[in-house]
Amino acid sequence: MVSGPLPWLLPAVGVLGLFYLYPILEAVRLAFTDARLFDTETQLSMRSLGSMVGSSTLGVILRNTLTYTVASVVGQIALGLAIALLVVRAERARLRGTLVLRTIVLAAWVIPAIANGIIWQLLFSEAPFGAINSALRLMGASPVAWLSDPSNAMTSAVIATIWQGTAYSMILLYAALKTIDPALYEAAAIDNARPWERLWFITLPHLRAALVVNAILILIMTLNMFDTILALTGGGPGRATEILSLYAYGTVFQNFELGRGAALSMLLLIISLGLTMVLIALLPRDRR
Amino acid sequence: MNITRPSLFAALMATVLPSVVQAEDLITRNRVGPADAENALTFRLTAFDLYSADEATAEAFGELFTDFILDNPGWRIDTQLQTGAIAQEQARIIEQARAGRGPDCAMIDSSQLATFKQAGLLAPMTPFFSDEEIDDLFPFVRDGVTDENGDIVAWWWFTDLRVLYRDVTQVPDAPETWAEMQEAAQSVADAGLEGILFNAGRDEASAFDWLAHFWAQGGALVDDDGRPVFFEGENREKFLRAVQLYADLVESGAAPARVTALASYDDLLASAAAGSTGMFIGGNWMYAQIQNTMPEDQAANWAVSALPGPSTDERATGTGGWAIAALSDDPEKVEICAGIARLYAGPGNAFQRLLPTSAALYEEYEEFAGAEFEVFADALEDGQARPGVPIYPEISNQIQILLGDVLSGSASAEDALDAAAAEVMDAFERL
């Protein structure tokens, strides 16, 4: 009879292998072919990879991806942390309504990404009856070209993404904040530490692991996010908001270039893995 | 005989119930016909008819399908719904069909017919349609559904086209040329409204709506061999002139700069309903939407006309629509599929008041007697379908990018066209 961890691990390894590893290996195989959806025969080829690397568009797409990802991840963590701190502070002060606040923030998170894109498209509408611009007009401000101006469109996409993803950060960081020993804050109060000193010398160091794990998860989710942008701008105007995941989606589902789409997906995977490794290096040594 | 009320009720139910139960059993969410039928055909359809959210439409198609299945005893149609993600759904059908798991019969977006034909997945339907029926198809439709062997491999059951809508209180007379359209739009804009709206965001609708202006000048996207030529010689000049039309409208303020964020006909309809625009370029189906969604007096203000051209003699309009095709080798299934296509093309089309693809149907059904159908039928004479070549999706993609770049001032028309040409030729060489 087999003893040890193997029998316990086998089912999990089997499921992971079948549903996660196999599709990745299949995508790697496709990336080294010239497969197109309507071709019955495919050949091993470096053409997909070569056309991807040699494309003049790839630079624009990667620059958009970098801007979108960095701004969205930083925004989600900062806002999530701010709301988590607010909720914890309110709970300590025994204020009512913290549950309602958490529920409201969570409501954004449960909305499907594609619906999130549509909601923000309505809000950002530049028609005379567009919601946000109408509010701006009421306040005497000029309307903003949220989606039609290439220099504003990326900002709008980032706002829509942050609005939805903040709840996830808030939950993780709220849980981590609850684990910090209140005695540390009491001692700091005795020492007359100012609020920013408490945040900088107590809260953030104790949140380091949670912040890094949060950053890793949000980074992967944001890099793979394409449905919000698809619904919001479709990647436009021009290519102003076209990020790598959306570019790969279009390559496969509009141009039917399976090989090239797989090559782009591999690039996305490599970027995700690389950035994850960088973030893991920031974890406290005992948490790696 | 003394008949009591309960017994009368029971007798009535005994008479009525079987037919009600039978009718209900014949149409379910995934089947048409008896569950235990000897033969089954899988049919991949969209959600706009038999399973429409509109009860009247679903009921009308339910009756048509019930009659159809009663006329074909021994058959059951296993229905499979396509979602609204058209490109994904069409790709899925191709992938499944190639793996031998595809539907026997499917609705295919006319823009994807070339891809299906190239993949060699469609079964010939020629024996199941008469020569008269085939000859009566509009030429662009017949070309689209005919393969290289001369076989009919799909039945294009309805078409659509792009037209100009105008609020007659703002623009009383239909503009017939680009100059008249620009003048009318400017006059509306000067009055404080949006002069004219059109899609210019990242969506196929933007490229296809705009292409009418290129085609009106006789421009060609590809040559006879399917090689892209829109950026060369005379085509280049025509292409740039059509881009300049939109650029002039935006730069002059006759069209708002927000057109680069418009990628849905619903947005255009919303502006029309809000009374904030004087004109818009939309699809023929929007006429019924205007009539159904606006108050009667407001709807009466909206008129439809053919898209203006550079001159009154130079007109074109993009024509799309959906086809039904068989993906089975079984001749009996192909025949049933052809029957379904005929059902949609005739009475189904008449109920929905979509545009038939053959002239005879306009005469056959009184539903097509409205004045708007005269406009549509006339405009169809200048109808131009998407070129049936596999490079078209990338050409469309590049036109969408070009329009966004030029109209937002990010690139000149010349530079944007050069960039688009380079991308399209790269993609063409990968085919």
# chains A, B, ... in the order shown; residues from 1 in each chain; ligands from 1
>>> select_by_dssp(residues="region 7-131 of chain A", states="alpha helix (DSSP H)", output="ChimeraX atom specification")
/A:7-16,22-31,47-54,57-92,98-110,113-124,131
>>> write_last_selection(atoms="C-alpha atoms", output="PDB file, in the first residue's frame")
ATOM      1  CA  PRO A   7      -2.223   9.402  -2.733  1.00  0.00           C
ATOM      2  CA  TRP A   8      -3.606  12.619  -1.266  1.00  0.00           C
ATOM      3  CA  LEU A   9      -1.960  14.829  -3.835  1.00  0.00           C
ATOM      4  CA  LEU A  10      -2.743  12.758  -6.921  1.00  0.00           C
ATOM      5  CA  PRO A  11      -6.364  13.906  -7.421  1.00  0.00           C
ATOM      6  CA  ALA A  12      -5.378  17.567  -7.109  1.00  0.00           C
ATOM      7  CA  VAL A  13      -2.399  17.082  -9.426  1.00  0.00           C
ATOM      8  CA  GLY A  14      -4.655  15.264 -11.894  1.00  0.00           C
ATOM      9  CA  VAL A  15      -7.278  18.028 -11.920  1.00  0.00           C
ATOM     10  CA  LEU A  16      -4.682  20.790 -12.140  1.00  0.00           C
ATOM     11  CA  TYR A  22      -2.816  20.867 -20.471  1.00  0.00           C
ATOM     12  CA  PRO A  23      -4.405  24.063 -21.912  1.00  0.00           C
ATOM     13  CA  ILE A  24      -1.144  25.938 -21.271  1.00  0.00           C
ATOM     14  CA  LEU A  25       0.885  23.228 -23.017  1.00  0.00           C
ATOM     15  CA  GLU A  26      -1.595  23.259 -25.902  1.00  0.00           C
ATOM     16  CA  ALA A  27      -1.231  27.047 -26.180  1.00  0.00           C
ATOM     17  CA  VAL A  28       2.565  26.660 -26.208  1.00  0.00           C
ATOM     18  CA  ARG A  29       2.258  24.081 -28.990  1.00  0.00           C
ATOM     19  CA  LEU A  30      -0.074  26.354 -30.981  1.00  0.00           C
ATOM     20  CA  ALA A  31       2.331  29.277 -30.595  1.00  0.00           C
ATOM     21  CA  ARG A  47       5.983  32.476 -38.155  1.00  0.00           C
ATOM     22  CA  SER A  48       3.503  33.270 -35.364  1.00  0.00           C
ATOM     23  CA  LEU A  49       6.234  34.166 -32.917  1.00  0.00           C
ATOM     24  CA  GLY A  50       8.212  36.035 -35.581  1.00  0.00           C
ATOM     25  CA  SER A  51       5.227  38.114 -36.718  1.00  0.00           C
ATOM     26  CA  MET A  52       4.428  38.962 -33.117  1.00  0.00           C
ATOM     27  CA  VAL A  53       7.938  40.096 -32.257  1.00  0.00           C
ATOM     28  CA  GLY A  54       8.384  41.965 -35.558  1.00  0.00           C
ATOM     29  CA  THR A  57       1.961  47.435 -33.155  1.00  0.00           C
ATOM     30  CA  LEU A  58       3.331  45.365 -30.289  1.00  0.00           C
ATOM     31  CA  GLY A  59       5.241  48.322 -28.817  1.00  0.00           C
ATOM     32  CA  VAL A  60       2.065  50.420 -28.611  1.00  0.00           C
ATOM     33  CA  ILE A  61       0.135  47.513 -27.108  1.00  0.00           C
ATOM     34  CA  LEU A  62       2.812  46.845 -24.461  1.00  0.00           C
ATOM     35  CA  ARG A  63       3.013  50.525 -23.551  1.00  0.00           C
ATOM     36  CA  ASN A  64      -0.777  50.630 -23.129  1.00  0.00           C
ATOM     37  CA  THR A  65      -0.661  47.426 -21.074  1.00  0.00           C
ATOM     38  CA  LEU A  66       2.030  48.842 -18.787  1.00  0.00           C
ATOM     39  CA  THR A  67       0.151  52.113 -18.216  1.00  0.00           C
ATOM     40  CA  TYR A  68      -3.173  50.387 -17.636  1.00  0.00           C
ATOM     41  CA  THR A  69      -1.783  47.695 -15.341  1.00  0.00           C
ATOM     42  CA  VAL A  70       0.418  49.913 -13.166  1.00  0.00           C
ATOM     43  CA  ALA A  71      -2.260  52.598 -12.741  1.00  0.00           C
ATOM     44  CA  SER A  72      -5.007  50.051 -12.055  1.00  0.00           C
ATOM     45  CA  VAL A  73      -2.987  47.978  -9.572  1.00  0.00           C
ATOM     46  CA  VAL A  74      -1.691  51.006  -7.649  1.00  0.00           C
ATOM     47  CA  GLY A  75      -5.164  52.555  -7.640  1.00  0.00           C
ATOM     48  CA  GLN A  76      -6.892  49.384  -6.437  1.00  0.00           C
ATOM     49  CA  ILE A  77      -4.390  48.839  -3.625  1.00  0.00           C
ATOM     50  CA  ALA A  78      -4.366  52.473  -2.485  1.00  0.00           C
ATOM     51  CA  LEU A  79      -8.136  52.836  -2.533  1.00  0.00           C
ATOM     52  CA  GLY A  80      -8.692  49.367  -1.046  1.00  0.00           C
ATOM     53  CA  LEU A  81      -6.292  50.189   1.776  1.00  0.00           C
ATOM     54  CA  ALA A  82      -7.948  53.552   2.397  1.00  0.00           C
ATOM     55  CA  ILE A  83     -11.405  51.991   2.659  1.00  0.00           C
ATOM     56  CA  ALA A  84     -10.138  49.118   4.837  1.00  0.00           C
ATOM     57  CA  LEU A  85      -8.474  51.623   7.195  1.00  0.00           C
ATOM     58  CA  LEU A  86     -11.666  53.650   7.302  1.00  0.00           C
ATOM     59  CA  VAL A  87     -13.782  50.588   8.136  1.00  0.00           C
ATOM     60  CA  VAL A  88     -11.388  49.382  10.858  1.00  0.00           C
ATOM     61  CA  ARG A  89     -11.180  52.874  12.339  1.00  0.00           C
ATOM     62  CA  ALA A  90     -14.979  53.164  12.318  1.00  0.00           C
ATOM     63  CA  GLU A  91     -15.325  49.756  13.977  1.00  0.00           C
ATOM     64  CA  ARG A  92     -12.885  50.746  16.714  1.00  0.00           C
ATOM     65  CA  THR A  98     -19.539  49.797   8.621  1.00  0.00           C
ATOM     66  CA  LEU A  99     -21.330  46.667   7.443  1.00  0.00           C
ATOM     67  CA  VAL A 100     -23.357  48.741   4.994  1.00  0.00           C
ATOM     68  CA  LEU A 101     -20.169  50.386   3.726  1.00  0.00           C
ATOM     69  CA  ARG A 102     -18.457  47.024   3.185  1.00  0.00           C
ATOM     70  CA  THR A 103     -21.549  45.679   1.411  1.00  0.00           C
ATOM     71  CA  ILE A 104     -21.742  48.684  -0.899  1.00  0.00           C
ATOM     72  CA  VAL A 105     -18.077  48.325  -1.862  1.00  0.00           C
ATOM     73  CA  LEU A 106     -18.514  44.594  -2.393  1.00  0.00           C
ATOM     74  CA  ALA A 107     -21.500  45.189  -4.691  1.00  0.00           C
ATOM     75  CA  ALA A 108     -19.144  46.582  -7.331  1.00  0.00           C
ATOM     76  CA  TRP A 109     -17.012  43.478  -7.139  1.00  0.00           C
ATOM     77  CA  VAL A 110     -19.816  41.012  -7.887  1.00  0.00           C
ATOM     78  CA  ALA A 113     -16.583  42.832 -15.843  1.00  0.00           C
ATOM     79  CA  ILE A 114     -18.471  43.183 -19.114  1.00  0.00           C
ATOM     80  CA  ALA A 115     -21.412  44.771 -17.265  1.00  0.00           C
ATOM     81  CA  ASN A 116     -18.963  47.023 -15.458  1.00  0.00           C
ATOM     82  CA  GLY A 117     -17.738  48.255 -18.845  1.00  0.00           C
ATOM     83  CA  ILE A 118     -21.279  48.948 -20.012  1.00  0.00           C
ATOM     84  CA  ILE A 119     -22.165  50.783 -16.783  1.00  0.00           C
ATOM     85  CA  TRP A 120     -19.145  53.055 -17.097  1.00  0.00           C
ATOM     86  CA  GLN A 121     -19.789  53.572 -20.784  1.00  0.00           C
ATOM     87  CA  LEU A 122     -23.190  54.981 -19.838  1.00  0.00           C
ATOM     88  CA  LEU A 123     -21.684  57.110 -17.078  1.00  0.00           C
ATOM     89  CA  PHE A 124     -18.891  58.438 -19.309  1.00  0.00           C
ATOM     90  CA  ALA A 131     -24.483  61.187 -16.580  1.00  0.00           C
TER      91      ALA A 131
END
>>> interface_residues(of="chain A", to="chain B", cutoff="7 Å", atoms="only C-alpha atoms", output="list in words")
Leu37, Phe38, Asp39, Glu126, Leu147, Ser148, Asp149, Thr233, Gly234, Gly235, Gly236, Pro237, Gly238, Arg239, Phe253, Gln254 and Asn255 of chain A
>>> closest_residue(among="A:Asn192, A:Asn214, A:Ser151, A:Ser3", to="Gly165 (chain A)", atoms="only C-alpha atoms")
A:Asn214
>>> closest_atom_pairs(of="region 294-336 of chain B", to="region 165-175 of chain B", cutoff="12 Å", atoms="only C-alpha atoms", output="CSV")
residue,atom,partner,partner_atom,distance
B:Asp297,CA,B:Thr169,CA,11.7
B:Gln298,CA,B:Asp167,CA,9.1
B:Ala299,CA,B:Asp167,CA,9.1
B:Ala300,CA,B:Val168,CA,8.8
B:Asn301,CA,B:Asp167,CA,5.4
B:Trp302,CA,B:Asp167,CA,4.7
B:Ala303,CA,B:Arg166,CA,5.5
B:Val304,CA,B:Tyr165,CA,4.6
B:Ser305,CA,B:Ala174,CA,6.3
B:Ala306,CA,B:Ala174,CA,8.4
B:Leu307,CA,B:Pro175,CA,8.3
B:Pro308,CA,B:Pro175,CA,6.3
B:Gly309,CA,B:Pro175,CA,9.3
B:Pro310,CA,B:Pro175,CA,11.1
B:Ser311,CA,B:Pro175,CA,10.6
B:Thr312,CA,B:Pro175,CA,9.6
>>> closest_residue(among="B:Leu380, B:Ala325, B:Val389, B:Ala288", to="Leu354 (chain B)", atoms="only C-alpha atoms")
B:Ala288
>>> atom_distance(atom1="CA of Glu251 (chain B)", atom2="CA of Gly195 (chain B)")
12.3 Å
>>> select_by_dssp(residues="region 137-313 of chain B", states="strand (DSSP E)", output="ChimeraX atom specification")
/B:155-167,194-197,277-283,302-306
>>> write_last_selection(atoms="N, CA and C atoms", output="mmCIF file, in the first residue's frame")
data_model
loop_
_atom_site.group_PDB
_atom_site.id
_atom_site.type_symbol
_atom_site.label_atom_id
_atom_site.label_comp_id
_atom_site.auth_asym_id
_atom_site.auth_seq_id
_atom_site.Cartn_x
_atom_site.Cartn_y
_atom_site.Cartn_z
ATOM 1 N N TRP B 155 -28.283 29.797 -47.413
ATOM 2 C CA TRP B 155 -29.411 30.612 -47.872
ATOM 3 C C TRP B 155 -29.443 31.873 -47.035
ATOM 4 N N TRP B 156 -29.078 32.991 -47.686
ATOM 5 C CA TRP B 156 -29.014 34.309 -47.032
ATOM 6 C C TRP B 156 -30.459 34.747 -46.860
ATOM 7 N N TRP B 157 -30.968 34.659 -45.615
ATOM 8 C CA TRP B 157 -32.429 34.788 -45.458
ATOM 9 C C TRP B 157 -32.922 36.193 -45.220
ATOM 10 N N PHE B 158 -32.065 37.078 -44.759
ATOM 11 C CA PHE B 158 -32.465 38.497 -44.752
ATOM 12 C C PHE B 158 -31.219 39.346 -44.915
ATOM 13 N N THR B 159 -31.442 40.519 -45.414
ATOM 14 C CA THR B 159 -30.326 41.440 -45.558
ATOM 15 C C THR B 159 -30.645 42.738 -44.809
ATOM 16 N N ASP B 160 -29.677 43.583 -44.698
ATOM 17 C CA ASP B 160 -29.910 44.900 -44.101
ATOM 18 C C ASP B 160 -29.050 45.902 -44.848
ATOM 19 N N LEU B 161 -29.275 47.152 -44.604
ATOM 20 C CA LEU B 161 -28.491 48.164 -45.303
ATOM 21 C C LEU B 161 -28.401 49.427 -44.466
ATOM 22 N N ARG B 162 -27.499 50.285 -44.837
ATOM 23 C CA ARG B 162 -27.277 51.531 -44.104
ATOM 24 C C ARG B 162 -27.988 52.672 -44.819
ATOM 25 N N VAL B 163 -28.637 53.504 -44.014
ATOM 26 C CA VAL B 163 -29.406 54.618 -44.570
ATOM 27 C C VAL B 163 -29.180 55.857 -43.710
ATOM 28 N N LEU B 164 -29.687 56.983 -44.203
ATOM 29 C CA LEU B 164 -29.569 58.234 -43.446
ATOM 30 C C LEU B 164 -30.929 58.555 -42.811
ATOM 31 N N TYR B 165 -30.918 58.720 -41.516
ATOM 32 C CA TYR B 165 -32.138 59.139 -40.810
ATOM 33 C C TYR B 165 -32.035 60.630 -40.537
ATOM 34 N N ARG B 166 -33.173 61.316 -40.632
ATOM 35 C CA ARG B 166 -33.151 62.750 -40.341
ATOM 36 C C ARG B 166 -34.438 63.152 -39.629
ATOM 37 N N ASP B 167 -34.280 64.123 -38.770
ATOM 38 C CA ASP B 167 -35.430 64.732 -38.098
ATOM 39 C C ASP B 167 -35.952 65.801 -39.052
ATOM 40 N N GLU B 194 -26.593 68.314 -32.086
ATOM 41 C CA GLU B 194 -25.542 67.590 -32.801
ATOM 42 C C GLU B 194 -26.019 67.423 -34.239
ATOM 43 N N GLY B 195 -25.204 67.848 -35.199
ATOM 44 C CA GLY B 195 -25.645 67.874 -36.599
ATOM 45 C C GLY B 195 -25.899 66.493 -37.170
ATOM 46 N N ILE B 196 -24.897 65.646 -37.058
ATOM 47 C CA ILE B 196 -25.037 64.279 -37.581
ATOM 48 C C ILE B 196 -24.184 63.337 -36.731
ATOM 49 N N LEU B 197 -24.688 62.142 -36.504
ATOM 50 C CA LEU B 197 -23.947 61.129 -35.748
ATOM 51 C C LEU B 197 -23.691 59.918 -36.632
ATOM 52 N N THR B 277 -29.990 65.079 -31.732
ATOM 53 C CA THR B 277 -29.282 65.040 -33.020
ATOM 54 C C THR B 277 -30.253 65.289 -34.172
ATOM 55 N N GLY B 278 -29.722 65.858 -35.239
ATOM 56 C CA GLY B 278 -30.576 66.143 -36.388
ATOM 57 C C GLY B 278 -30.592 65.014 -37.395
ATOM 58 N N MET B 279 -29.464 64.278 -37.484
ATOM 59 C CA MET B 279 -29.362 63.182 -38.461
ATOM 60 C C MET B 279 -28.446 62.099 -37.885
ATOM 61 N N PHE B 280 -28.592 60.908 -38.385
ATOM 62 C CA PHE B 280 -27.607 59.866 -38.066
ATOM 63 C C PHE B 280 -27.596 58.808 -39.162
ATOM 64 N N ILE B 281 -26.452 58.152 -39.276
ATOM 65 C CA ILE B 281 -26.327 57.055 -40.248
ATOM 66 C C ILE B 281 -26.556 55.759 -39.495
ATOM 67 N N GLY B 282 -27.609 55.042 -39.857
ATOM 68 C CA GLY B 282 -27.954 53.822 -39.127
ATOM 69 C C GLY B 282 -28.408 52.717 -40.046
ATOM 70 N N GLY B 283 -28.899 51.652 -39.458
ATOM 71 C CA GLY B 283 -29.362 50.499 -40.230
ATOM 72 C C GLY B 283 -30.852 50.596 -40.511
ATOM 73 N N TRP B 302 -39.232 61.455 -37.842
ATOM 74 C CA TRP B 302 -38.016 60.828 -38.372
ATOM 75 C C TRP B 302 -38.277 60.195 -39.731
ATOM 76 N N ALA B 303 -37.496 60.618 -40.691
ATOM 77 C CA ALA B 303 -37.631 60.087 -42.055
ATOM 78 C C ALA B 303 -36.332 59.406 -42.455
ATOM 79 N N VAL B 304 -36.445 58.551 -43.440
ATOM 80 C CA VAL B 304 -35.287 57.775 -43.867
ATOM 81 C C VAL B 304 -35.036 58.008 -45.351
ATOM 82 N N SER B 305 -33.762 58.033 -45.723
ATOM 83 C CA SER B 305 -33.417 58.183 -47.142
ATOM 84 C C SER B 305 -32.099 57.461 -47.410
ATOM 85 N N ALA B 306 -31.804 57.299 -48.680
ATOM 86 C CA ALA B 306 -30.556 56.606 -49.050
ATOM 87 C C ALA B 306 -29.360 57.437 -48.614
#
>>> atom_distance(atom1="CA of Ser358 (chain B)", atom2="CA of Asp131 (chain B)")
12.7 Å
>>> atom_distance(atom1="CA of Leu249 (chain B)", atom2="CA of Ile290 (chain B)")
24.7 Å
>>> closest_residue(among="B:Pro139, B:Asp190, B:Glu366, B:Ile324", to="Ser252 (chain B)", atoms="only C-alpha atoms")
B:Asp190
